[in-house]
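**Student:** Next comes start_18.cif, mmCIF, C-alpha atoms and all ligand atoms:
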```
data_coords
#
loop_
_atom_site.label_atom_id
_atom_site.label_comp_id
_atom_site.auth_asym_id
_atom_site.auth_seq_id
_atom_site.Cartn_x
_atom_site.Cartn_y
_atom_site.Cartn_z
CA MET A 1 -12.84 21.31 13.16
CA LYS A 2 -9.64 22.82 11.84
CA ALA A 3 -8.57 21.56 8.41
CA ILE A 4 -6.29 22.41 5.50
CA VAL A 5 -8.67 23.43 2.72
CA GLN A 6 -8.23 24.58 -0.87
CA ASP A 7 -10.82 26.11 -3.22
CA ARG A 8 -8.71 26.15 -6.37
CA TYR A 9 -5.69 24.40 -7.83
CA GLY A 10 -2.28 25.97 -7.57
CA SER A 11 0.96 26.18 -5.58
CA ALA A 12 1.11 25.51 -1.84
CA ASP A 13 -0.24 29.08 -1.35
CA VAL A 14 -3.76 27.75 -2.10
CA LEU A 15 -3.72 25.68 1.12
CA GLU A 16 -5.47 27.45 3.99
CA LEU A 17 -6.10 26.48 7.61
CA ARG A 18 -9.83 27.00 8.25
CA ASP A 19 -12.61 26.09 10.67
CA ILE A 20 -15.12 23.89 8.84
CA GLU A 21 -17.96 21.50 9.73
CA ASP A 22 -16.97 18.03 10.93
CA PRO A 23 -17.45 15.40 8.18
CA VAL A 24 -20.46 13.06 8.32
CA VAL A 25 -19.76 9.33 8.79
CA GLY A 26 -21.51 6.84 6.49
CA GLU A 27 -22.73 3.41 7.60
CA ASP A 28 -19.55 1.62 6.48
CA GLU A 29 -17.20 4.35 7.56
CA VAL A 30 -15.12 5.37 10.55
CA LEU A 31 -14.49 8.84 11.96
CA VAL A 32 -10.80 9.07 12.83
CA ARG A 33 -9.33 11.64 15.22
CA VAL A 34 -6.21 12.43 13.24
CA ARG A 35 -2.87 12.40 15.04
CA ALA A 36 -0.66 12.39 11.94
CA ALA A 37 -1.09 12.49 8.16
CA GLY A 38 1.40 11.50 5.48
CA ALA A 39 2.34 14.09 2.84
CA GLY A 40 3.50 12.67 -0.46
CA PRO A 41 3.43 13.42 -4.18
CA ASP A 42 -0.22 12.25 -4.23
CA VAL A 43 -1.16 15.28 -2.12
CA TRP A 44 0.84 17.51 -4.48
CA HIS A 45 -1.14 16.18 -7.49
CA PHE A 46 -4.47 17.02 -5.81
CA MET A 47 -3.17 20.45 -4.76
CA THR A 48 -1.99 21.44 -8.23
CA GLY A 49 -4.59 19.55 -10.27
CA ARG A 50 -1.77 18.11 -12.34
CA PRO A 51 -1.44 16.24 -14.52
CA PHE A 52 -4.58 17.52 -16.26
CA ILE A 53 -5.46 13.97 -17.30
CA ALA A 54 -6.58 13.40 -13.66
CA ARG A 55 -9.11 16.25 -13.63
CA PRO A 56 -12.18 14.30 -14.81
CA VAL A 57 -11.79 12.31 -11.59
CA ILE A 58 -10.54 14.93 -9.10
CA GLY A 59 -12.48 17.96 -10.43
CA PHE A 60 -12.18 20.16 -13.52
CA ARG A 61 -12.00 23.69 -12.16
CA GLY A 62 -11.10 22.94 -8.58
CA PRO A 63 -10.81 19.89 -6.33
CA LYS A 64 -14.08 18.08 -5.55
CA GLU A 65 -12.57 17.12 -2.18
CA ARG A 66 -11.57 20.42 -0.59
CA VAL A 67 -9.61 19.03 2.37
CA ARG A 68 -6.16 17.66 1.49
CA GLY A 69 -4.44 14.49 2.71
CA TRP A 70 -4.96 10.72 2.39
CA ASP A 71 -2.58 8.84 4.66
CA VAL A 72 -3.88 8.86 8.21
CA ALA A 73 -2.93 7.61 11.67
CA GLY A 74 -5.09 8.33 14.67
CA THR A 75 -7.76 7.00 17.00
CA VAL A 76 -11.31 5.92 16.26
CA GLU A 77 -13.72 8.66 17.29
CA ALA A 78 -17.02 7.22 16.00
CA LEU A 79 -18.26 4.27 13.95
CA GLY A 80 -20.84 3.90 11.18
CA ALA A 81 -23.78 1.58 11.95
CA ASN A 82 -22.36 -1.36 9.95
CA VAL A 83 -18.80 -1.23 11.28
CA THR A 84 -17.96 -4.02 13.71
CA ALA A 85 -14.22 -4.45 13.10
CA PHE A 86 -13.16 -1.46 15.22
CA GLU A 87 -14.07 0.12 18.54
CA VAL A 88 -13.94 3.70 19.73
CA ASP A 89 -10.39 4.69 20.83
CA ASP A 90 -8.71 1.96 18.70
CA GLU A 91 -5.44 3.22 17.24
CA VAL A 92 -5.62 2.87 13.45
CA MET A 93 -3.82 3.77 10.23
CA GLY A 94 -4.94 3.78 6.62
CA GLU A 95 -6.43 6.01 3.98
CA ALA A 96 -9.01 8.72 4.79
CA ARG A 97 -10.65 11.54 2.86
CA GLY A 98 -9.03 14.79 3.97
CA SER A 99 -6.53 13.74 6.64
CA PHE A 100 -4.98 17.22 6.99
CA ALA A 101 -7.66 17.92 9.59
CA GLU A 102 -8.57 17.29 13.20
CA VAL A 103 -10.96 14.51 12.18
CA ALA A 104 -11.36 12.61 8.90
CA VAL A 105 -13.65 9.93 7.50
CA ALA A 106 -12.26 6.61 6.26
CA GLU A 107 -13.96 3.60 4.73
CA ALA A 108 -13.64 0.89 7.37
CA ASP A 109 -11.98 -1.46 4.88
CA LYS A 110 -9.23 1.07 4.22
CA LEU A 111 -8.05 0.98 7.84
CA VAL A 112 -6.08 -1.47 9.97
CA ARG A 113 -4.90 -1.33 13.59
CA LYS A 114 -1.74 0.71 14.01
CA PRO A 115 1.29 -1.49 14.79
CA ALA A 116 1.95 -0.91 18.49
CA ARG A 117 5.67 -0.32 17.98
CA LEU A 118 5.07 2.70 15.74
CA SER A 119 4.37 6.27 16.77
CA PHE A 120 1.45 7.94 15.00
CA GLU A 121 3.97 9.90 12.91
CA GLU A 122 5.67 6.70 11.73
CA ALA A 123 2.32 5.01 11.09
CA ALA A 124 1.19 7.90 8.88
CA ALA A 125 4.17 7.18 6.62
CA VAL A 126 3.03 3.65 5.88
CA PRO A 127 -0.36 3.27 4.11
CA VAL A 128 -0.05 4.72 0.58
CA SER A 129 3.71 4.21 0.23
CA GLY A 130 3.75 0.75 1.84
CA VAL A 131 0.89 -0.64 -0.22
CA THR A 132 2.41 0.89 -3.37
CA ALA A 133 5.77 -0.71 -2.63
CA LEU A 134 4.16 -4.11 -1.95
CA GLN A 135 2.00 -4.02 -5.08
CA ALA A 136 4.97 -2.93 -7.23
CA LEU A 137 7.13 -5.82 -6.00
CA ARG A 138 4.23 -8.20 -6.51
CA LYS A 139 3.72 -6.90 -10.05
CA GLY A 140 7.44 -7.49 -10.66
CA GLN A 141 6.89 -11.07 -9.37
CA VAL A 142 9.92 -10.82 -7.12
CA ARG A 143 11.13 -14.23 -5.94
CA PRO A 144 13.78 -15.23 -3.37
CA GLY A 145 17.29 -14.93 -4.75
CA GLN A 146 16.38 -12.49 -7.50
CA SER A 147 18.16 -9.18 -7.90
CA VAL A 148 16.03 -6.06 -7.47
CA LEU A 149 17.01 -2.45 -8.17
CA VAL A 150 14.96 0.24 -6.44
CA VAL A 151 15.33 3.58 -8.21
CA GLY A 152 14.52 6.38 -5.75
CA ALA A 153 15.38 4.18 -2.78
CA SER A 154 15.46 7.07 -0.29
CA GLY A 155 11.91 8.33 -0.94
CA GLY A 156 8.58 7.51 0.69
CA VAL A 157 7.89 4.50 -1.54
CA GLY A 158 11.55 3.55 -2.10
CA THR A 159 12.51 3.18 1.58
CA LEU A 160 9.65 0.73 2.08
CA ALA A 161 10.26 -1.06 -1.26
CA VAL A 162 13.88 -1.78 -0.28
CA GLN A 163 12.80 -3.31 3.05
CA ILE A 164 9.88 -5.33 1.67
CA ALA A 165 12.03 -6.65 -1.20
CA LYS A 166 14.57 -7.88 1.38
CA GLU A 167 11.75 -9.63 3.23
CA LEU A 168 10.77 -11.32 -0.04
CA GLY A 169 14.29 -12.76 -0.15
CA ALA A 170 15.70 -10.59 -2.92
CA ARG A 171 19.20 -9.16 -3.24
CA VAL A 172 18.49 -5.47 -3.26
CA THR A 173 20.35 -2.55 -4.79
CA GLY A 174 19.11 0.87 -3.74
CA MET A 175 19.76 3.91 -5.86
CA ALA A 176 19.92 7.40 -4.36
CA SER A 177 21.98 10.59 -4.36
CA THR A 178 25.31 10.77 -2.51
CA GLY A 179 24.02 12.10 0.82
CA LYS A 180 21.43 9.35 1.19
CA LEU A 181 23.47 6.24 0.45
CA GLU A 182 24.05 5.59 4.16
CA LEU A 183 20.30 5.74 4.81
CA VAL A 184 19.65 3.25 2.01
CA ARG A 185 22.33 0.90 3.42
CA SER A 186 20.90 1.27 6.91
CA ILE A 187 17.49 -0.02 5.83
CA GLY A 188 19.02 -3.21 4.49
CA ALA A 189 20.08 -2.66 0.87
CA ASP A 190 22.85 -5.12 -0.05
CA ASP A 191 24.33 -2.64 -2.45
CA VAL A 192 23.88 1.03 -3.32
CA ILE A 193 24.32 3.13 -6.44
CA ASP A 194 24.92 6.87 -6.42
CA TYR A 195 23.00 8.08 -9.45
CA THR A 196 24.89 11.37 -9.48
CA ARG A 197 28.16 9.50 -10.17
CA GLU A 198 27.28 6.24 -11.87
CA ASP A 199 25.19 5.41 -14.94
CA PHE A 200 23.46 2.16 -14.01
CA THR A 201 22.06 1.86 -17.54
CA ASP A 202 25.43 1.36 -19.28
CA GLY A 203 24.75 -2.39 -19.59
CA SER A 204 27.56 -3.47 -17.22
CA ARG A 205 25.05 -4.64 -14.57
CA ARG A 206 21.61 -6.16 -14.93
CA TRP A 207 18.76 -6.81 -12.49
CA ASP A 208 15.82 -9.22 -12.59
CA VAL A 209 13.40 -6.54 -11.43
CA ILE A 210 13.61 -2.74 -11.43
CA ILE A 211 11.15 -0.74 -9.32
CA ASP A 212 11.32 2.75 -10.82
CA THR A 213 10.01 5.54 -8.58
CA ALA A 214 12.08 8.49 -9.79
CA GLY A 215 14.14 10.07 -12.54
CA ARG A 216 11.97 9.26 -15.56
CA ARG A 217 14.76 7.57 -17.47
CA PRO A 218 13.92 6.44 -21.02
CA LEU A 219 12.50 2.90 -21.29
CA ARG A 220 15.25 1.74 -23.63
CA LYS A 221 17.90 2.76 -21.08
CA LEU A 222 16.09 1.00 -18.24
CA GLY A 223 15.73 -2.06 -20.48
CA ARG A 224 19.55 -2.17 -20.78
CA ALA A 225 19.76 -2.62 -17.00
CA LEU A 226 17.31 -5.55 -17.00
CA THR A 227 18.06 -9.23 -17.52
CA PRO A 228 16.65 -10.59 -20.82
CA LYS A 229 13.46 -11.79 -19.06
CA GLY A 230 13.45 -9.08 -16.41
CA SER A 231 10.58 -6.86 -15.27
CA LEU A 232 10.41 -3.09 -15.01
CA VAL A 233 7.64 -1.69 -12.81
CA ILE A 234 7.19 2.05 -13.26
CA VAL A 235 5.71 3.49 -10.07
CA GLY A 236 6.30 7.17 -10.68
CA GLY A 237 8.80 9.89 -11.21
CA ASP A 238 7.75 13.48 -11.33
CA GLY A 239 8.30 15.93 -14.18
CA GLY A 240 6.41 13.98 -16.84
CA GLY A 241 4.61 17.03 -18.21
CA ARG A 242 1.49 18.89 -17.09
CA TRP A 243 -0.93 17.08 -19.38
CA THR A 244 -0.28 13.39 -18.79
CA GLY A 245 2.47 13.40 -16.14
CA GLY A 246 4.17 10.64 -18.11
CA PHE A 247 1.17 8.35 -17.60
CA PHE A 248 1.54 6.79 -21.04
CA ARG A 249 5.20 5.89 -20.50
CA GLY A 250 4.23 3.17 -18.02
CA MET A 251 0.69 2.38 -19.11
CA LEU A 252 1.06 2.35 -22.90
CA ARG A 253 4.61 2.58 -24.23
CA GLY A 254 6.03 0.06 -21.74
CA PRO A 255 3.47 -2.69 -22.46
CA LEU A 256 3.74 -2.01 -26.21
CA LEU A 257 7.52 -2.29 -26.15
CA SER A 258 7.20 -5.51 -24.13
CA LEU A 259 5.58 -7.13 -27.19
CA PHE A 260 8.92 -6.86 -29.02
CA VAL A 261 11.37 -7.72 -26.24
CA GLY A 262 11.53 -10.59 -23.76
CA GLN A 263 11.24 -8.18 -20.84
CA LYS A 264 8.06 -7.01 -19.12
CA LEU A 265 7.83 -3.22 -18.97
CA GLY A 266 4.79 -1.64 -17.39
CA GLY A 267 3.33 0.88 -14.99
CA LEU A 268 1.55 0.48 -11.68
CA THR A 269 -1.54 2.23 -10.37
CA SER A 270 -1.65 1.16 -6.76
CA LYS A 271 -4.96 0.79 -4.96
CA LEU A 272 -5.12 0.56 -1.22
CA ASN A 273 -7.01 -2.44 0.14
CA GLN A 274 -7.17 -3.75 3.68
CA GLU A 275 -5.50 -7.08 2.91
CA ASP A 276 -2.38 -5.49 1.46
CA LEU A 277 -2.28 -2.81 4.14
CA GLN A 278 -2.52 -5.53 6.80
CA ALA A 279 0.31 -7.46 5.10
CA VAL A 280 2.52 -4.37 5.35
CA ALA A 281 1.37 -3.71 8.93
CA ASP A 282 2.32 -7.30 9.86
CA LEU A 283 5.83 -6.80 8.48
CA VAL A 284 6.08 -3.60 10.49
CA GLU A 285 4.74 -5.22 13.67
CA ALA A 286 7.27 -8.03 13.30
CA GLY A 287 10.06 -5.44 13.14
CA ASP A 288 11.01 -6.44 9.57
CA VAL A 289 10.01 -3.10 8.04
CA THR A 290 10.36 0.32 9.67
CA PRO A 291 9.02 3.48 8.06
CA ILE A 292 11.45 6.38 7.76
CA VAL A 293 10.08 9.79 8.68
CA ASP A 294 12.07 12.68 7.28
CA ARG A 295 10.46 15.79 8.79
CA THR A 296 7.23 16.55 10.58
CA PHE A 297 5.25 19.76 10.16
CA ASP A 298 2.36 21.00 12.34
CA LEU A 299 -1.05 21.16 10.68
CA VAL A 300 -0.76 24.93 10.45
CA GLU A 301 2.49 24.44 8.44
CA ALA A 302 0.99 21.98 5.92
CA ALA A 303 1.77 24.33 3.01
CA ASP A 304 5.44 24.31 4.06
CA ALA A 305 5.36 20.50 4.03
CA LEU A 306 4.22 20.63 0.41
CA ARG A 307 6.87 23.23 -0.46
CA TYR A 308 9.52 20.97 1.06
CA LEU A 309 8.19 17.96 -0.89
CA GLU A 310 8.17 19.97 -4.10
CA GLN A 311 11.97 20.13 -3.95
CA GLY A 312 11.83 16.38 -4.75
CA HIS A 313 14.42 15.04 -2.29
CA PRO A 314 12.78 13.86 0.93
CA ARG A 315 14.60 11.36 3.12
CA GLY A 316 11.73 8.92 3.62
CA LYS A 317 8.28 10.38 4.26
CA VAL A 318 7.14 13.87 5.21
CA VAL A 319 4.42 13.90 7.88
CA VAL A 320 1.92 16.49 9.08
CA THR A 321 1.07 16.24 12.79
CA VAL A 322 -2.28 17.25 14.19
N1 LIG B 1 1.80 4.39 -9.27
C1 LIG B 1 1.25 4.63 -8.10
O1 LIG B 1 0.18 4.12 -7.80
C2 LIG B 1 1.97 5.56 -7.16
C3 LIG B 1 1.69 5.52 -5.78
C4 LIG B 1 2.44 6.34 -4.94
C5 LIG B 1 3.41 7.20 -5.48
N2 LIG B 1 3.58 7.23 -6.83
C6 LIG B 1 4.60 8.09 -7.45
O2 LIG B 1 5.87 7.51 -7.17
C7 LIG B 1 6.87 8.50 -7.15
C8 LIG B 1 7.68 8.36 -5.89
O3 LIG B 1 6.85 8.59 -4.77
P1 LIG B 1 7.52 8.85 -3.36
O4 LIG B 1 6.44 9.09 -2.39
O5 LIG B 1 8.54 7.81 -3.07
O6 LIG B 1 8.30 10.22 -3.67
P2 LIG B 1 9.33 10.97 -2.78
O7 LIG B 1 9.18 10.57 -1.36
O8 LIG B 1 9.23 12.40 -3.16
O9 LIG B 1 10.77 10.38 -3.21
C9 LIG B 1 11.31 10.59 -4.43
C10 LIG B 1 12.78 10.16 -4.37
O10 LIG B 1 13.27 10.25 -5.68
C11 LIG B 1 14.66 10.46 -5.62
N3 LIG B 1 15.10 11.08 -6.87
C12 LIG B 1 14.86 12.34 -7.31
N4 LIG B 1 15.41 12.51 -8.53
C13 LIG B 1 15.99 11.32 -8.87
C14 LIG B 1 16.71 10.86 -10.00
N5 LIG B 1 16.95 11.63 -11.07
N6 LIG B 1 17.11 9.57 -10.02
C15 LIG B 1 16.89 8.75 -8.97
N7 LIG B 1 16.23 9.14 -7.86
C16 LIG B 1 15.80 10.41 -7.81
C17 LIG B 1 14.85 11.33 -4.42
O11 LIG B 1 16.05 10.94 -3.78
P3 LIG B 1 17.40 11.81 -3.87
O12 LIG B 1 17.21 12.97 -2.94
O13 LIG B 1 18.44 10.85 -3.45
O14 LIG B 1 17.52 12.28 -5.28
C18 LIG B 1 13.64 11.04 -3.52
O15 LIG B 1 14.05 10.36 -2.35
C19 LIG B 1 6.12 9.84 -7.28
O16 LIG B 1 6.20 10.25 -8.63
C20 LIG B 1 4.69 9.50 -6.92
O17 LIG B 1 3.76 10.36 -7.56
C21 LIG B 1 2.89 6.43 -7.66
#
```
Kindly present the structure from the file in C-alpha cells form.
Ligand SMILES: NC(=O)c1ccc[n+]([C@@H]2O[C@H](COP(=O)([O-])OP(=O)(O)OC[C@H]3O[C@@H](n4cnc5c(N)ncnc54)[C@H](OP(=O)(O)O)[C@@H]3O)[C@@H](O)[C@H]2O)c1

**Tutor:**
Amino acid sequence: MKAIVQDRYGSADVLELRDIEDPVVGEDEVLVRVRAAGAGPDVWHFMTGRPFIARPVIGFRGPKERVRGWDVAGTVEALGANVTAFEVDDEVMGEARGSFAEVAVAEADKLVRKPARLSFEEAAAVPVSGVTALQALRKGQVRPGQSVLVVGASGGVGTLAVQIAKELGARVTGMASTGKLELVRSIGADDVIDYTREDFTDGSRRWDVIIDTAGRRPLRKLGRALTPKGSLVIVGGDGGGRWTGGFFRGMLRGPLLSLFVGQKLGGLTSKLNQEDLQAVADLVEAGDVTPIVDRTFDLVEAADALRYLEQGHPRGKVVVTV
C-alpha cells in the first residue's frame, strides 16, 4: 500500500510517500480502507518528536509508529476474528494507527459508524477533535445557562467545542482573529471576541467556564476572566517550549493554583473511547453539530498539509484525502 512514512523526527520534509506492506489486523481490530484522514497538531507532535517529554512513549530517536495520522474515515476492508460490531464495507470513522495510508488498522472499540450526512472528508475531522471538545466541556462541568468562552474557536477543536457547548445549553462566546469571526458566529456562538483587538482578560467580563485551546495566556490572566467559582480547562496551545510543550502549565501549575483560589484550573489529556465518539457522532447525525473542513490535501501532498497547519491558523480542520 501507499503510505506517508517517516524514519526520523523533523520538519514536514521527513514525510515521504512510499510503498510498504499492508498492516496486519489483530483479533480485536479492523482494517479500514482509508478515504480521508484528519491532520491536526497531534500529527505535528509525532512528526517533530516534540515536546521531548513525549519521547519515552512515541520513540526516543525516531517514531516507533512510522506511518503518520490518527483520525480516519473510510470503509471496513477486513475484520479481526473477535469483531462482531462491524461488517465489511461499513462506513466508519474513528482513530487508527497510521491513517495517512491506503489502509490502516484500528481497534474496533475506537471506531463508530460514519454519520450518513457527512462526507468522508467531514467525518475525518470529527474523532480526535470532537472527543477532545466533549471531554473538555465535561471536565468544565458545563451546565445549561452557564457562560462558556472558547479560546481558539475557529480551530479543529474549537469549532466543535462551540457547537457542543451550545447543545449543552450554554451561552457561548467564541474567540478568534478578525477574519474568522463570521465563521465562529455561523456555527452558533452567541457572541464573539476578536483577540487581535480586545483583551478579554481585563476583568470587565467573566465566564463560568473557559475552554483554552490556543494562545498560552498566563493562568493569572485567564483567572481574571473566570467567575469566582469558574473552571478553566486547558486543552492546548502551541509554542510551550520544546521540552515540555507547556505540559506543566495545565497539569501541575493550574491544579496547584486552584488550591489557593475558588476557581478550578487544570489541563485535559483527552482519550478517545467509543462511547464518547458515539455521543459526538449522534450530535452530528442529528444535525446539531457539523464539522468544518478548511482545506483538503491529497495523500501525496501530506507534507504540505503539515506545513499549512504549522502556520497555526486553520479554519476548522485540515484533511488528507486518500
Ligand atoms: N489535551 C488534549 O488531549 C488535546 C487534544 C487535541 C488537541 N490538543 C491541542 O489543542 C490545541 C488546539 O488544537 P486544534 O486542533 O484546535 O488546533 P488548530 O486547528 O491548529 O487551531 C488552533 C486555533 O488557534 C487559534 N489561535 C492561534 N493563536 C491564537 C491566539 N494567540 N489566541 C487565540 N487563538 C489563537 C487559531 O485561530 P486564528 O487563526 O483565529 O488565530 C486556530 O484556529 C493544540 O495545541 C493541540 O495540540 C490537545

**Student:** Report as CSV the residues of chain A within 7 Å of ligand LIG 1 (chain B), each with its shortest atom pair and distance in Å (one decimal), using only C-alpha atoms and all ligand atoms, ordered by chain and increasing residue number.

**Tutor:**
```
residue,atom,partner,partner_atom,distance
A:Gly40,CA,B:LIG1,O4,5.0
A:Pro41,CA,B:LIG1,O17,4.6
A:Asp42,CA,B:LIG1,O17,5.5
A:Val128,CA,B:LIG1,C4,6.3
A:Ser129,CA,B:LIG1,C4,5.7
A:Thr132,CA,B:LIG1,C3,5.3
A:Val151,CA,B:LIG1,C15,5.5
A:Gly152,CA,B:LIG1,N7,3.9
A:Ala153,CA,B:LIG1,O15,6.3
A:Ser154,CA,B:LIG1,O15,4.1
A:Gly155,CA,B:LIG1,O9,3.3
A:Gly156,CA,B:LIG1,O7,3.7
A:Val157,CA,B:LIG1,O5,3.7
A:Gly158,CA,B:LIG1,O5,5.3
A:Met175,CA,B:LIG1,C15,6.4
A:Ala176,CA,B:LIG1,O13,3.9
A:Ser177,CA,B:LIG1,O13,3.7
A:Thr178,CA,B:LIG1,O13,6.9
A:Lys180,CA,B:LIG1,O13,5.7
A:Tyr195,CA,B:LIG1,N6,6.1
A:Thr213,CA,B:LIG1,C8,4.5
A:Ala214,CA,B:LIG1,N7,4.6
A:Gly215,CA,B:LIG1,N5,3.5
A:Val235,CA,B:LIG1,N1,4.1
A:Gly236,CA,B:LIG1,O2,3.6
A:Gly237,CA,B:LIG1,O16,3.7
A:Asp238,CA,B:LIG1,O16,4.5
A:Gly267,CA,B:LIG1,N1,6.9
A:Leu268,CA,B:LIG1,N1,4.6
A:Thr269,CA,B:LIG1,O1,3.6
A:Ser270,CA,B:LIG1,O1,3.6
A:Lys271,CA,B:LIG1,O1,6.8
A:Leu309,CA,B:LIG1,O8,6.1
A:Gly312,CA,B:LIG1,O8,5.0
A:His313,CA,B:LIG1,O12,3.5
A:Pro314,CA,B:LIG1,O15,5.0
A:Arg315,CA,B:LIG1,O15,5.6
A:Gly316,CA,B:LIG1,O7,5.8
A:Lys317,CA,B:LIG1,O7,5.7
```

**Student:** Write out, as an mmCIF file, keeping the file's coordinate frame, the residues just selected, with C-alpha atoms.

**Tutor:**
```
data_model
loop_
_atom_site.group_PDB
_atom_site.id
_atom_site.type_symbol
_atom_site.label_atom_id
_atom_site.label_comp_id
_atom_site.auth_asym_id
_atom_site.auth_seq_id
_atom_site.Cartn_x
_atom_site.Cartn_y
_atom_site.Cartn_z
ATOM 1 C CA GLY A 40 3.500 12.670 -0.460
ATOM 2 C CA PRO A 41 3.430 13.420 -4.180
ATOM 3 C CA ASP A 42 -0.220 12.250 -4.230
ATOM 4 C CA VAL A 128 -0.050 4.720 0.580
ATOM 5 C CA SER A 129 3.710 4.210 0.230
ATOM 6 C CA THR A 132 2.410 0.890 -3.370
ATOM 7 C CA VAL A 151 15.330 3.580 -8.210
ATOM 8 C CA GLY A 152 14.520 6.380 -5.750
ATOM 9 C CA ALA A 153 15.380 4.180 -2.780
ATOM 10 C CA SER A 154 15.460 7.070 -0.290
ATOM 11 C CA GLY A 155 11.910 8.330 -0.940
ATOM 12 C CA GLY A 156 8.580 7.510 0.690
ATOM 13 C CA VAL A 157 7.890 4.500 -1.540
ATOM 14 C CA GLY A 158 11.550 3.550 -2.100
ATOM 15 C CA MET A 175 19.760 3.910 -5.860
ATOM 16 C CA ALA A 176 19.920 7.400 -4.360
ATOM 17 C CA SER A 177 21.980 10.590 -4.360
ATOM 18 C CA THR A 178 25.310 10.770 -2.510
ATOM 19 C CA LYS A 180 21.430 9.350 1.190
ATOM 20 C CA TYR A 195 23.000 8.080 -9.450
ATOM 21 C CA THR A 213 10.010 5.540 -8.580
ATOM 22 C CA ALA A 214 12.080 8.490 -9.790
ATOM 23 C CA GLY A 215 14.140 10.070 -12.540
ATOM 24 C CA VAL A 235 5.710 3.490 -10.070
ATOM 25 C CA GLY A 236 6.300 7.170 -10.680
ATOM 26 C CA GLY A 237 8.800 9.890 -11.210
ATOM 27 C CA ASP A 238 7.750 13.480 -11.330
ATOM 28 C CA GLY A 267 3.330 0.880 -14.990
ATOM 29 C CA LEU A 268 1.550 0.480 -11.680
ATOM 30 C CA THR A 269 -1.540 2.230 -10.370
ATOM 31 C CA SER A 270 -1.650 1.160 -6.760
ATOM 32 C CA LYS A 271 -4.960 0.790 -4.960
ATOM 33 C CA LEU A 309 8.190 17.960 -0.890
ATOM 34 C CA GLY A 312 11.830 16.380 -4.750
ATOM 35 C CA HIS A 313 14.420 15.040 -2.290
ATOM 36 C CA PRO A 314 12.780 13.860 0.930
ATOM 37 C CA ARG A 315 14.600 11.360 3.120
ATOM 38 C CA GLY A 316 11.730 8.920 3.620
ATOM 39 C CA LYS A 317 8.280 10.380 4.260
#
```

**Student:** How many Å lie between atom CA of Asp22 of chain A and atom CA of Asp90 of chain A, rounded to one decimal?

**Tutor:**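 Calculated distance between atom CA of Asp22 of chain A and atom CA of Asp90 of chain A is 19.7 Å.
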
**Student:** Return the single residue from A:Val25, A:Lys110, A:Phe200, A:Gly98 that is closest to Pro127 of chain A, with distances computed using all atoms listed in the file.

**Tutor:**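 Smallest separation from Pro127 of chain A among the options: A:Lys110.
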
**Student:** If we count all atoms listed in the file, what is near Ala81 of chain A at a cut-off of 9 Å, once residues fewer than 3 positions away on the same chain are taken out, given as a PyMOL selection string?

**Tutor:** chain A and resi 26-29+84

**Student:** Take the residues from that selection and write them out as a PDB file, keeping the file's coordinate frame, keeping C-alpha atoms.

**Tutor:**
```pdb
ATOM      1  CA  GLY A  26     -21.510   6.840   6.490  1.00  0.00           C
ATOM      2  CA  GLU A  27     -22.730   3.410   7.600  1.00  0.00           C
ATOM      3  CA  ASP A  28     -19.550   1.620   6.480  1.00  0.00           C
ATOM      4  CA  GLU A  29     -17.200   4.350   7.560  1.00  0.00           C
ATOM      5  CA  THR A  84     -17.960  -4.020  13.710  1.00  0.00           C
TER       6      THR A  84
END
```

**Student:** When you look at segment 217-229 of chain A with a cut-off of 10 Å (counting only C-alpha atoms), what residues show up, excluding the ones that are within fewer than 3 positions of it in the same chain? I need them as a PDB file with C-alpha atoms, keeping the file's coordinate frame.

**Tutor:**
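As written to disk, around04.pdb reads:
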```pdb
ATOM      1  CA  SER A 147      18.160  -9.180  -7.900  1.00  0.00           C
ATOM      2  CA  VAL A 148      16.030  -6.060  -7.470  1.00  0.00           C
ATOM      3  CA  LEU A 149      17.010  -2.450  -8.170  1.00  0.00           C
ATOM      4  CA  ASP A 199      25.190   5.410 -14.940  1.00  0.00           C
ATOM      5  CA  PHE A 200      23.460   2.160 -14.010  1.00  0.00           C
ATOM      6  CA  THR A 201      22.060   1.860 -17.540  1.00  0.00           C
ATOM      7  CA  ASP A 202      25.430   1.360 -19.280  1.00  0.00           C
ATOM      8  CA  GLY A 203      24.750  -2.390 -19.590  1.00  0.00           C
ATOM      9  CA  SER A 204      27.560  -3.470 -17.220  1.00  0.00           C
ATOM     10  CA  ARG A 205      25.050  -4.640 -14.570  1.00  0.00           C
ATOM     11  CA  ARG A 206      21.610  -6.160 -14.930  1.00  0.00           C
ATOM     12  CA  TRP A 207      18.760  -6.810 -12.490  1.00  0.00           C
ATOM     13  CA  ASP A 208      15.820  -9.220 -12.590  1.00  0.00           C
ATOM     14  CA  VAL A 209      13.400  -6.540 -11.430  1.00  0.00           C
ATOM     15  CA  ILE A 210      13.610  -2.740 -11.430  1.00  0.00           C
ATOM     16  CA  ASP A 212      11.320   2.750 -10.820  1.00  0.00           C
ATOM     17  CA  ALA A 214      12.080   8.490  -9.790  1.00  0.00           C
ATOM     18  CA  LEU A 232      10.410  -3.090 -15.010  1.00  0.00           C
ATOM     19  CA  ILE A 234       7.190   2.050 -13.260  1.00  0.00           C
ATOM     20  CA  GLY A 237       8.800   9.890 -11.210  1.00  0.00           C
ATOM     21  CA  ARG A 249       5.200   5.890 -20.500  1.00  0.00           C
ATOM     22  CA  GLY A 250       4.230   3.170 -18.020  1.00  0.00           C
ATOM     23  CA  ARG A 253       4.610   2.580 -24.230  1.00  0.00           C
ATOM     24  CA  GLY A 254       6.030   0.060 -21.740  1.00  0.00           C
ATOM     25  CA  LEU A 257       7.520  -2.290 -26.150  1.00  0.00           C
ATOM     26  CA  SER A 258       7.200  -5.510 -24.130  1.00  0.00           C
ATOM     27  CA  VAL A 261      11.370  -7.720 -26.240  1.00  0.00           C
ATOM     28  CA  GLY A 262      11.530 -10.590 -23.760  1.00  0.00           C
ATOM     29  CA  GLN A 263      11.240  -8.180 -20.840  1.00  0.00           C
ATOM     30  CA  LYS A 264       8.060  -7.010 -19.120  1.00  0.00           C
ATOM     31  CA  LEU A 265       7.830  -3.220 -18.970  1.00  0.00           C
ATOM     32  CA  GLY A 266       4.790  -1.640 -17.390  1.00  0.00           C
TER      33      GLY A 266
END
```

**Student:** Between atom CA of Ile164 of chain A and atom CA of Val142 of chain A, what is the spacing in Å?

**Tutor:**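 Value for the atom CA of Val142 of chain A-atom CA of Ile164 of chain A distance: 10.4 Å.
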
**Student:** If we count all atoms listed in the file and set the cut-off at 6 Å, which residues sit around segment 295-305 of chain A, ignoring sequence neighbours fewer than 3 positions away in its own chain? Please answer as a PyMOL selection string.

**Tutor:** chain A and resi 12+15+308+318-322
